[in-house]
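Shown next: model.txt, containing compact mmCIF, C-alpha atoms and all ligand atoms.
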```txt
# COMPACT_ATOMS: atom_id res chain seq x y z
CA MET A 1 141.04 49.79 92.70
CA LEU A 2 141.27 53.60 92.88
CA ASN A 3 137.67 54.10 91.78
CA PRO A 4 135.94 52.67 94.89
CA ILE A 5 138.32 54.67 97.12
CA ARG A 6 137.56 57.86 95.19
CA LYS A 7 133.84 57.08 95.34
CA PHE A 8 134.05 56.58 99.10
CA ILE A 9 135.91 59.87 99.61
CA GLU A 10 133.66 61.86 97.24
CA PHE A 11 130.50 60.37 98.77
CA GLY A 12 128.05 63.19 99.64
CA THR A 13 129.91 66.00 97.81
CA HIS A 14 127.92 68.03 95.33
CA ASN A 15 128.51 70.93 92.90
CA SER A 16 125.75 72.96 94.58
CA LEU A 17 127.64 72.95 97.90
CA SER A 18 130.40 75.44 98.68
CA ASP A 19 134.06 74.39 98.34
CA ASP A 20 134.46 74.52 102.10
CA VAL A 21 131.49 72.19 102.77
CA ASN A 22 132.66 69.76 100.06
CA ARG A 23 136.16 69.78 101.57
CA ARG A 24 134.74 69.03 105.03
CA ILE A 25 132.68 66.14 103.59
CA ARG A 26 135.79 64.69 101.92
CA VAL A 27 137.81 64.95 105.13
CA VAL A 28 134.97 63.37 107.16
CA ASN A 29 134.89 60.51 104.63
CA MET A 30 138.66 60.14 104.65
CA PHE A 31 138.85 60.30 108.40
CA SER A 32 136.04 57.83 108.92
CA ALA A 33 137.78 55.44 106.48
CA VAL A 34 141.17 55.74 108.19
CA GLY A 35 139.59 55.68 111.68
CA MET A 36 137.47 52.68 110.80
CA GLY A 37 140.40 50.73 109.27
CA LEU A 38 142.87 51.54 112.03
CA THR A 39 140.58 50.89 115.00
CA PHE A 40 139.36 47.68 113.34
CA PHE A 41 142.93 46.45 112.85
CA LEU A 42 144.03 47.43 116.39
CA GLY A 43 140.79 45.96 117.77
CA LEU A 44 141.48 42.60 116.11
CA ARG A 45 145.05 42.67 117.43
CA ALA A 46 143.79 43.35 120.95
CA LEU A 47 141.29 40.53 120.53
CA PHE A 48 144.04 38.04 119.60
CA ALA A 49 146.12 39.31 122.50
CA GLN A 50 143.08 38.51 124.68
CA ASP A 51 142.76 42.12 125.84
CA THR A 52 138.97 41.96 125.66
CA LEU A 53 138.26 45.42 127.08
CA LEU A 54 140.58 47.20 124.62
CA ALA A 55 139.27 45.06 121.75
CA CYS A 56 135.67 46.01 122.59
CA VAL A 57 136.52 49.70 122.80
CA LEU A 58 138.42 49.70 119.49
CA LEU A 59 135.86 47.65 117.60
CA SER A 60 133.02 49.87 118.91
CA ALA A 61 134.99 52.93 117.75
CA SER A 62 135.38 51.27 114.35
CA ILE A 63 131.59 50.86 114.12
CA LEU A 64 131.05 54.51 115.14
CA PHE A 65 133.49 55.69 112.44
CA ALA A 66 131.55 53.62 109.91
CA ILE A 67 128.28 55.17 111.12
CA SER A 68 129.70 58.71 110.81
CA HIS A 69 130.23 58.02 107.10
CA LYS A 70 126.65 56.82 106.65
CA ILE A 71 125.10 59.79 108.52
CA GLN A 72 125.86 62.10 105.60
CA SER A 73 123.66 60.10 103.24
CA MET A 74 120.92 59.69 105.84
CA ILE A 75 120.55 63.36 106.86
CA GLY A 76 121.73 65.25 103.79
CA ALA A 77 125.26 66.28 102.97
CA LYS A 78 125.44 69.73 104.56
CA GLN A 79 123.86 69.00 107.97
CA GLY A 80 125.05 65.40 107.86
CA SER A 81 128.69 66.39 107.43
CA ILE A 82 128.48 68.52 110.60
CA ILE A 83 126.86 65.71 112.62
CA SER A 84 129.34 63.18 111.18
CA ALA A 85 132.19 65.46 112.19
CA MET A 86 130.75 65.69 115.72
CA VAL A 87 130.41 61.89 115.92
CA ILE A 88 134.03 61.53 114.80
CA ILE A 89 135.30 64.05 117.35
CA VAL A 90 133.28 62.66 120.28
CA CYS A 91 134.28 59.13 119.27
CA LEU A 92 137.94 60.11 118.88
CA MET A 93 138.08 61.98 122.17
CA SER A 94 136.32 59.17 124.09
CA LEU A 95 138.66 56.62 122.57
CA MET A 96 141.67 58.73 123.52
CA LEU A 97 140.42 59.14 127.11
CA ILE A 98 140.00 55.35 127.37
CA LEU A 99 143.51 54.85 125.98
CA VAL A 100 144.88 57.32 128.54
CA ILE A 101 143.03 55.52 131.37
CA THR A 102 143.98 51.99 130.31
CA GLY A 103 147.38 52.77 128.79
CA GLY A 104 146.46 50.85 125.63
CA ASN A 105 149.12 48.49 124.30
CA ALA A 106 152.14 48.39 126.66
CA GLY A 107 151.35 51.90 127.95
CA THR A 108 151.65 53.54 124.50
CA GLY A 109 147.93 54.47 124.27
CA PRO A 110 148.32 58.14 125.32
CA LEU A 111 150.59 58.80 122.31
CA TRP A 112 147.48 58.72 120.08
CA ILE A 113 146.04 61.85 121.70
CA PHE A 114 148.13 63.98 119.32
CA THR A 115 145.65 63.16 116.57
CA VAL A 116 142.97 65.11 118.51
CA PRO A 117 144.09 68.78 118.00
CA PRO A 118 144.36 68.85 114.17
CA VAL A 119 141.16 66.83 113.69
CA THR A 120 139.15 68.91 116.18
CA MET A 121 140.41 72.20 114.75
CA PHE A 122 139.68 71.20 111.20
CA PHE A 123 136.17 69.92 111.87
CA THR A 124 134.96 72.53 114.34
CA GLY A 125 136.93 75.65 113.34
CA PHE A 126 139.17 77.89 115.42
CA ARG A 127 136.87 79.05 118.26
CA ARG A 128 134.90 75.87 118.89
CA GLY A 129 138.11 73.89 118.41
CA LEU A 130 139.87 75.84 121.18
CA PHE A 131 136.86 75.30 123.43
CA ALA A 132 136.70 71.56 122.72
CA LEU A 133 140.46 71.08 123.14
CA THR A 134 140.44 72.97 126.45
CA GLY A 135 137.69 70.64 127.69
CA PHE A 136 139.58 67.60 126.47
CA ILE A 137 142.94 68.51 128.00
CA THR A 138 141.22 69.42 131.28
CA LEU A 139 139.73 65.91 131.39
CA VAL A 140 143.14 64.37 130.58
CA ILE A 141 144.78 66.39 133.37
CA VAL A 142 142.07 65.32 135.84
CA ILE A 143 142.50 61.65 134.81
CA LEU A 144 146.31 61.78 135.02
CA PHE A 145 146.65 63.81 138.21
CA THR A 146 143.82 62.59 140.43
CA PRO A 147 145.55 61.64 143.70
CA ASP A 148 146.57 58.01 144.09
CA ASN A 149 145.96 57.42 140.34
CA ALA A 150 142.32 56.80 141.28
CA LEU A 151 141.09 57.22 137.68
CA LEU A 152 143.91 55.27 136.03
CA ALA A 153 144.02 51.56 135.26
CA THR A 154 147.75 51.79 134.57
CA GLU A 155 150.79 53.68 135.80
CA TYR A 156 152.74 56.52 134.18
CA SER A 157 155.77 58.34 135.50
CA TYR A 158 155.30 61.94 136.60
CA GLU A 159 157.71 63.06 133.83
CA PHE A 160 155.72 61.18 131.19
CA LYS A 161 152.45 62.78 132.35
CA THR A 162 153.79 66.35 132.41
CA ARG A 163 155.59 65.98 129.01
CA LEU A 164 152.41 64.52 127.55
CA ILE A 165 150.41 67.57 128.68
CA TYR A 166 153.06 70.11 127.54
CA SER A 167 153.46 68.55 124.13
CA PHE A 168 149.68 68.24 123.72
CA ILE A 169 149.25 71.97 124.51
CA THR A 170 152.05 72.82 122.03
CA ILE A 171 150.44 70.74 119.25
CA SER A 172 147.05 72.30 120.10
CA PHE A 173 148.43 75.82 119.71
CA LEU A 174 150.13 74.94 116.44
CA SER A 175 146.91 73.38 115.12
CA ALA A 176 144.89 76.41 116.30
CA PHE A 177 147.33 78.77 114.62
CA TYR A 178 147.22 76.75 111.42
CA GLU A 179 143.39 76.68 111.46
CA TYR A 180 143.21 80.41 112.16
CA SER A 181 145.54 81.18 109.22
CA ARG A 182 143.62 78.78 107.00
CA GLN A 183 140.29 80.44 107.84
CA ARG A 184 141.78 83.91 107.26
CA SER A 185 143.26 82.90 103.89
CA TYR A 186 139.99 81.25 102.89
CA SER A 187 137.91 84.36 103.70
CA THR A 188 140.44 86.61 101.92
CA ALA A 189 140.37 84.36 98.84
CA LEU A 190 136.55 84.31 98.93
CA TYR A 191 136.36 88.09 99.28
CA LEU A 192 138.82 88.62 96.41
CA SER A 193 137.05 86.19 94.12
CA GLU A 194 133.74 87.96 94.83
CA GLN A 195 135.39 91.29 94.08
CA PHE A 196 136.85 89.99 90.80
CA GLU A 197 133.53 88.45 89.88
CA ARG A 198 131.80 91.79 90.58
CA GLN A 199 134.38 93.75 88.61
CA ALA A 200 133.98 91.39 85.69
CA ARG A 201 130.20 91.94 85.63
CA TYR A 202 129.77 95.60 86.54
CA ASP A 203 130.61 98.83 84.74
CA PRO A 204 132.73 101.02 87.04
CA LEU A 205 131.45 104.30 85.55
CA THR A 206 127.70 103.82 85.79
CA THR A 207 127.80 101.02 88.43
CA ILE A 208 125.17 99.06 86.49
CA LEU A 209 125.94 95.70 84.84
CA ASN A 210 128.34 95.76 81.90
CA ARG A 211 127.88 93.84 78.65
CA ARG A 212 129.11 90.57 80.21
CA GLY A 213 126.69 90.99 83.13
CA GLY A 214 123.89 91.84 80.69
CA GLN A 215 124.65 88.74 78.65
CA GLN A 216 124.49 86.55 81.76
CA GLN A 217 121.17 88.15 82.68
CA LEU A 218 119.88 87.45 79.16
CA GLU A 219 120.89 83.79 79.43
CA GLN A 220 119.06 83.51 82.78
CA GLU A 221 115.99 85.09 81.21
CA ILE A 222 116.10 82.64 78.29
CA SER A 223 116.16 79.69 80.72
CA ARG A 224 113.27 81.23 82.70
CA MET A 225 111.29 81.68 79.47
CA GLN A 226 111.91 78.04 78.54
CA ARG A 227 110.69 76.97 81.97
CA ASN A 228 107.54 79.08 82.30
CA LYS A 229 106.85 79.50 78.53
CA LYS A 230 106.22 83.24 78.95
CA PRO A 231 108.00 85.60 76.52
CA PHE A 232 110.08 88.54 77.66
CA SER A 233 111.15 91.73 75.96
CA ILE A 234 114.39 93.60 75.47
CA ALA A 235 115.07 97.21 74.55
CA LEU A 236 118.26 98.75 73.22
CA ALA A 237 118.74 102.43 74.03
CA ASP A 238 121.28 104.78 72.47
CA ILE A 239 121.85 108.35 73.69
CA ASP A 240 121.12 110.85 70.92
CA ARG A 241 123.95 112.93 69.50
CA PHE A 242 126.21 111.96 72.35
CA LYS A 243 129.30 112.71 70.31
CA SER A 244 128.42 116.41 70.31
CA ILE A 245 128.29 116.40 74.16
CA ASN A 246 131.81 114.97 74.23
CA ASP A 247 133.04 117.32 71.53
CA THR A 248 131.50 120.44 73.09
CA PHE A 249 131.94 119.83 76.82
CA GLY A 250 134.72 117.28 76.98
CA HIS A 251 134.97 113.55 77.70
CA ASP A 252 134.60 113.95 81.50
CA ALA A 253 131.31 115.80 81.04
CA GLY A 254 130.25 112.98 78.68
CA ASP A 255 131.07 110.44 81.40
CA GLU A 256 128.99 112.38 83.93
CA VAL A 257 126.06 112.43 81.48
CA LEU A 258 126.36 108.65 81.05
CA LYS A 259 126.23 108.20 84.84
CA GLN A 260 123.14 110.34 85.23
CA VAL A 261 121.37 108.75 82.24
CA ALA A 262 121.96 105.31 83.81
CA GLU A 263 120.41 106.63 87.04
CA VAL A 264 117.32 107.94 85.24
CA PHE A 265 116.97 104.63 83.36
CA SER A 266 117.23 102.55 86.57
CA ARG A 267 114.69 104.62 88.48
CA ARG A 268 111.66 103.50 86.44
CA LEU A 269 112.54 99.79 86.51
CA ARG A 270 110.85 97.06 88.55
CA THR A 271 113.15 94.91 90.70
CA GLN A 272 112.93 92.01 88.26
CA ASP A 273 113.88 94.17 85.25
CA GLY A 274 117.47 94.31 84.04
CA LEU A 275 119.63 97.17 82.84
CA SER A 276 123.18 96.96 81.55
CA ARG A 277 125.63 99.16 79.71
CA TRP A 278 125.74 97.33 76.39
CA GLY A 279 128.38 99.50 74.74
CA GLY A 280 129.78 103.05 74.86
CA GLU A 281 126.53 105.06 75.04
CA GLU A 282 124.25 102.09 74.44
CA PHE A 283 122.11 100.39 77.13
CA LEU A 284 120.17 97.13 77.22
CA PHE A 285 116.90 96.72 79.12
CA ILE A 286 115.40 93.31 79.96
CA PHE A 287 111.72 93.14 80.87
CA PRO A 288 110.87 89.63 82.16
CA GLU A 289 107.45 88.14 81.39
CA THR A 290 106.52 91.24 79.37
CA ASN A 291 105.19 91.33 75.82
CA GLU A 292 106.38 93.85 73.25
CA LYS A 293 103.38 96.16 73.70
CA ASP A 294 103.86 96.51 77.47
CA ALA A 295 107.63 96.83 77.08
CA GLN A 296 107.03 99.61 74.56
CA LEU A 297 104.82 101.44 77.10
CA VAL A 298 107.46 101.22 79.84
CA THR A 299 110.21 102.28 77.44
CA GLU A 300 108.09 105.23 76.34
CA GLN A 301 107.86 106.37 79.98
CA ILE A 302 111.61 105.96 80.41
CA ARG A 303 112.19 108.02 77.26
CA GLU A 304 109.87 110.76 78.58
CA ASN A 305 111.56 110.75 82.00
CA LEU A 306 114.95 111.30 80.39
CA SER A 307 113.88 114.01 77.99
CA ALA A 308 112.05 115.84 80.81
CA LYS A 309 115.07 115.77 83.12
CA ALA A 310 117.69 118.49 83.02
CA ILE A 311 121.07 116.81 83.38
CA SER A 312 123.39 119.08 85.23
CA VAL A 313 127.15 118.78 84.71
CA ASP A 314 129.63 121.32 86.15
CA GLY A 315 126.80 123.80 86.74
CA LYS A 316 125.61 123.53 83.13
CA SER A 317 122.25 122.02 82.32
CA HIS A 318 121.96 119.60 79.39
CA ARG A 319 118.88 118.25 77.70
CA VAL A 320 119.68 114.67 76.86
CA THR A 321 117.44 112.31 74.91
CA SER A 322 117.70 108.70 73.86
CA SER A 323 116.25 106.49 71.13
CA PHE A 324 114.97 102.98 71.82
CA GLY A 325 114.41 99.75 69.88
CA VAL A 326 112.13 97.18 71.53
CA CYS A 327 111.77 93.50 70.67
CA GLU A 328 109.84 90.59 72.19
CA VAL A 329 111.84 87.39 72.71
CA THR A 330 109.92 84.15 72.27
CA SER A 331 111.08 80.56 71.98
CA LEU A 332 110.51 80.88 68.21
CA ILE A 333 113.41 83.28 67.64
CA SER A 334 117.03 83.13 68.70
CA LEU A 335 118.53 85.68 71.04
CA THR A 336 120.86 86.90 68.26
CA THR A 337 117.85 87.52 66.03
CA ALA A 338 116.04 89.37 68.84
CA LEU A 339 119.08 91.58 69.50
CA ASN A 340 119.38 92.22 65.78
CA LEU A 341 115.72 93.20 65.51
CA ALA A 342 116.02 95.50 68.56
CA ASP A 343 119.05 97.10 66.92
CA GLN A 344 117.17 97.60 63.64
CA ALA A 345 114.23 99.14 65.57
CA LEU A 346 116.67 101.46 67.34
CA TYR A 347 118.16 102.47 64.00
CA ARG A 348 114.62 103.18 62.75
CA ALA A 349 113.92 105.37 65.85
CA LYS A 350 117.08 107.34 65.06
CA ARG A 351 116.12 107.68 61.43
CA ASP A 352 112.62 108.85 62.39
CA GLY A 353 114.09 111.86 64.19
CA ARG A 354 115.55 110.44 67.49
CA ASN A 355 114.02 110.66 71.01
CA LYS A 356 111.63 107.91 69.88
CA VAL A 357 110.69 104.33 70.75
CA CYS A 358 110.32 101.88 67.88
CA ALA A 359 109.18 98.25 68.24
CA ALA A 360 110.52 95.42 66.10
CA SER A 361 106.98 94.51 65.01
CA GLU A 362 106.68 97.99 63.45
CA LEU A 363 109.71 97.36 61.22
CA THR A 364 107.90 95.26 58.62
CA SER A 365 104.67 97.28 58.74
CA LYS A 366 106.63 100.53 58.28
CA SER A 367 108.82 99.18 55.53
CA ASN A 368 105.70 98.08 53.69
CA LEU A 369 104.44 101.68 53.63
N1 LIG B 401 132.46 110.31 77.50
C1 LIG B 401 132.32 109.11 76.96
N2 LIG B 401 132.03 108.99 75.65
C2 LIG B 401 131.87 107.77 75.13
C3 LIG B 401 132.00 106.63 75.92
N3 LIG B 401 131.78 105.54 75.13
C4 LIG B 401 131.52 106.00 73.88
N4 LIG B 401 131.55 107.36 73.87
C5 LIG B 401 131.35 108.28 72.75
O1 LIG B 401 130.01 108.21 72.30
C6 LIG B 401 129.97 108.76 70.99
C7 LIG B 401 128.95 108.02 70.15
O2 LIG B 401 128.79 108.75 69.00
P1 LIG B 401 128.06 108.22 67.72
O3 LIG B 401 128.01 106.71 67.71
O4 LIG B 401 128.72 108.85 66.51
O5 LIG B 401 126.63 108.68 67.82
P2 LIG B 401 125.92 109.95 68.45
O6 LIG B 401 126.75 111.16 68.42
O7 LIG B 401 125.44 109.53 69.80
O8 LIG B 401 124.72 110.15 67.47
P3 LIG B 401 123.46 109.26 67.24
O9 LIG B 401 123.67 107.96 67.91
O10 LIG B 401 123.36 109.09 65.77
O11 LIG B 401 122.32 110.00 67.83
C8 LIG B 401 131.40 108.66 70.45
O12 LIG B 401 131.93 109.95 70.33
C9 LIG B 401 132.16 107.89 71.55
O13 LIG B 401 133.50 108.33 71.67
C10 LIG B 401 132.34 106.78 77.32
O14 LIG B 401 132.49 105.83 78.08
N5 LIG B 401 132.47 108.03 77.78
```

Output the file's structure in the form of structure tokens.
Amino acid sequence: MLNPIRKFIEFGTHNSLSDDVNRRIRVVNMFSAVGMGLTFFLGLRALFAQDTLLACVLLSASILFAISHKIQSMIGAKQGSIISAMVIIVCLMSLMLILVITGGNAGTGPLWIFTVPPVTMFFTGFRRGLFALTGFITLVIVILFTPDNALLATEYSYEFKTRLIYSFITISFLSAFYEYSRQRSYSTALYLSEQFERQARYDPLTTILNRRGGQQQLEQEISRMQRNKKPFSIALADIDRFKSINDTFGHDAGDEVLKQVAEVFSRRLRTQDGLSRWGGEEFLFIFPETNEKDAQLVTEQIRENLSAKAISVDGKSHRVTSSFGVCEVTSLISLTTALNLADQALYRAKRDGRNKVCAASELTSKSNL
């Protein structure tokens, strides 16, 4: 029993859509279901009571509510949910105006207009909602207060009309205030979650990606490689004798060196390349759609750039170098193996005297010497 209801409410929602769009789709679905059911029931009642005009209006509204649900599947969820919401609002407002004009059942029709402010605010947002509600209440005032009740098919007392308007304006303000607060809280929550997400992926010192960010980038690169069947390369870099910089000039100077090294490393990269701080003074490069030979060439240039640059900290100039281990990642080896090979190549570059680039393919050839 619950499953069809859930299916109806979830109809059109999708993981790829934002939470806000999915929520609007659910509310459109829920509202069209409630609107459809209620107007259908009231329409049948009016039909049995032989109030043909009211029955026609209510049953037509019921059909329009049903259509608003279908629009989402016909046009596509995102655009469709907006159009469905518009259909619901126009339908709701028209129905309410007719109920105000005719009086509905025993003159109680106008009481339904209180459903208009929350629905309009939710579907159209704060600004458009205020605009739409102002238009609606203006029409209601014109209908109720046209001299000699010229636009009314029923009679209301003056007190009833004025109280109806006052209470409608009160409910409209409350709904507008609620919608405004909701939108503010939503944007604050969104901003904070983006900030947290950023903090979780970026290294505050160097401002490049941290290990977590680098790992995510690697996973994306693996999926791209599986799609387009082109290998990519990675390079691990480790600053040479970094401990002595810390020991001689202090930890803050070491931090400044790390920042400037990250800057030098980023400068040579193409937009599609990746750079992350893999560990303390260790960096990971990702070169998409690049074989080991080309990655080695780029890494060689990066190595030269760093060794040629004087890194200045507190007025003192430091010559900083780094060693690199490069490895090509293909679908034939796992990422762990590739990282391991890059690490071994880096170790070899260190052993060979530092300030060097060593490729994983050289490991076996060299060890055979
Ligand atoms: N200032 C600073 N130092 C760090 C940071 N992270 C790691 N380190 C230091 O980096 C140094 C790394 O030293 P080692 O791994 O011994 O290697 P090394 O001195 O660079 O020598 P080789 O790698 O063999 O060339 C350690 O002293 C760490 O304390 C950091 O965020 N800031």

(request) Could you please extract the residues within 9 Å of ligand LIG 401 (chain B), counting all atoms listed in the file, and hand them back as an MDAnalysis selection string? (result) chainID A and resid 205 238:247 250:258 279:282 321:323 347 350:351 354:355

(message) So that I can see what lies close to Pro204 (chain A), please list as a VMD selection string the residues with an atom at most 12 Å from it, counting all atoms listed in the file and leaving out residues fewer than 6 positions away in the same chain.
(response) chain A and resid 198 210 255 258 to 259 276 to 277

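The list of residues with at least one atom within 9 Å of Val298 (chain A), based on all atoms listed in the file and without residues fewer than 5 positions apart in the same chain, reads A:Arg268, A:Leu269, A:Lys293, A:Arg303.
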
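With CA of Phe173 (chain A) on one side and CA of Gly125 (chain A) on the other, the separation reads 13.1 Å.
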
Within 10 Å of region 7-24 of chain A: each region 106-181 of chain A residue with its shortest pair, only C-alpha atoms, as a Markdown table:
```
| residue | atom | partner | partner_atom | distance |
| --- | --- | --- | --- | --- |
| A:Phe122 | CA | A:Arg24 | CA | 8.2 |
| A:Phe123 | CA | A:Arg24 | CA | 7.0 |
| A:Thr124 | CA | A:Arg24 | CA | 9.9 |
```

Please save C-alpha atoms of the selected residues as a PDB file, in the frame of the given file.
```pdb
ATOM      1  CA  PHE A 122     139.680  71.200 111.200  1.00  0.00           C
ATOM      2  CA  PHE A 123     136.170  69.920 111.870  1.00  0.00           C
ATOM      3  CA  THR A 124     134.960  72.530 114.340  1.00  0.00           C
TER       4      THR A 124
END
```

What are the centre and edge lengths in Å, to one decimal, of the axis-aligned box around all listed atoms of region 125-141 of chain A with 6 Å added on each side, as AutoDock Vina command-line options?
```
--center_x 139.8 --center_y 71.7 --center_z 123.4 --size_x 21.9 --size_y 26.7 --size_z 32.0
```
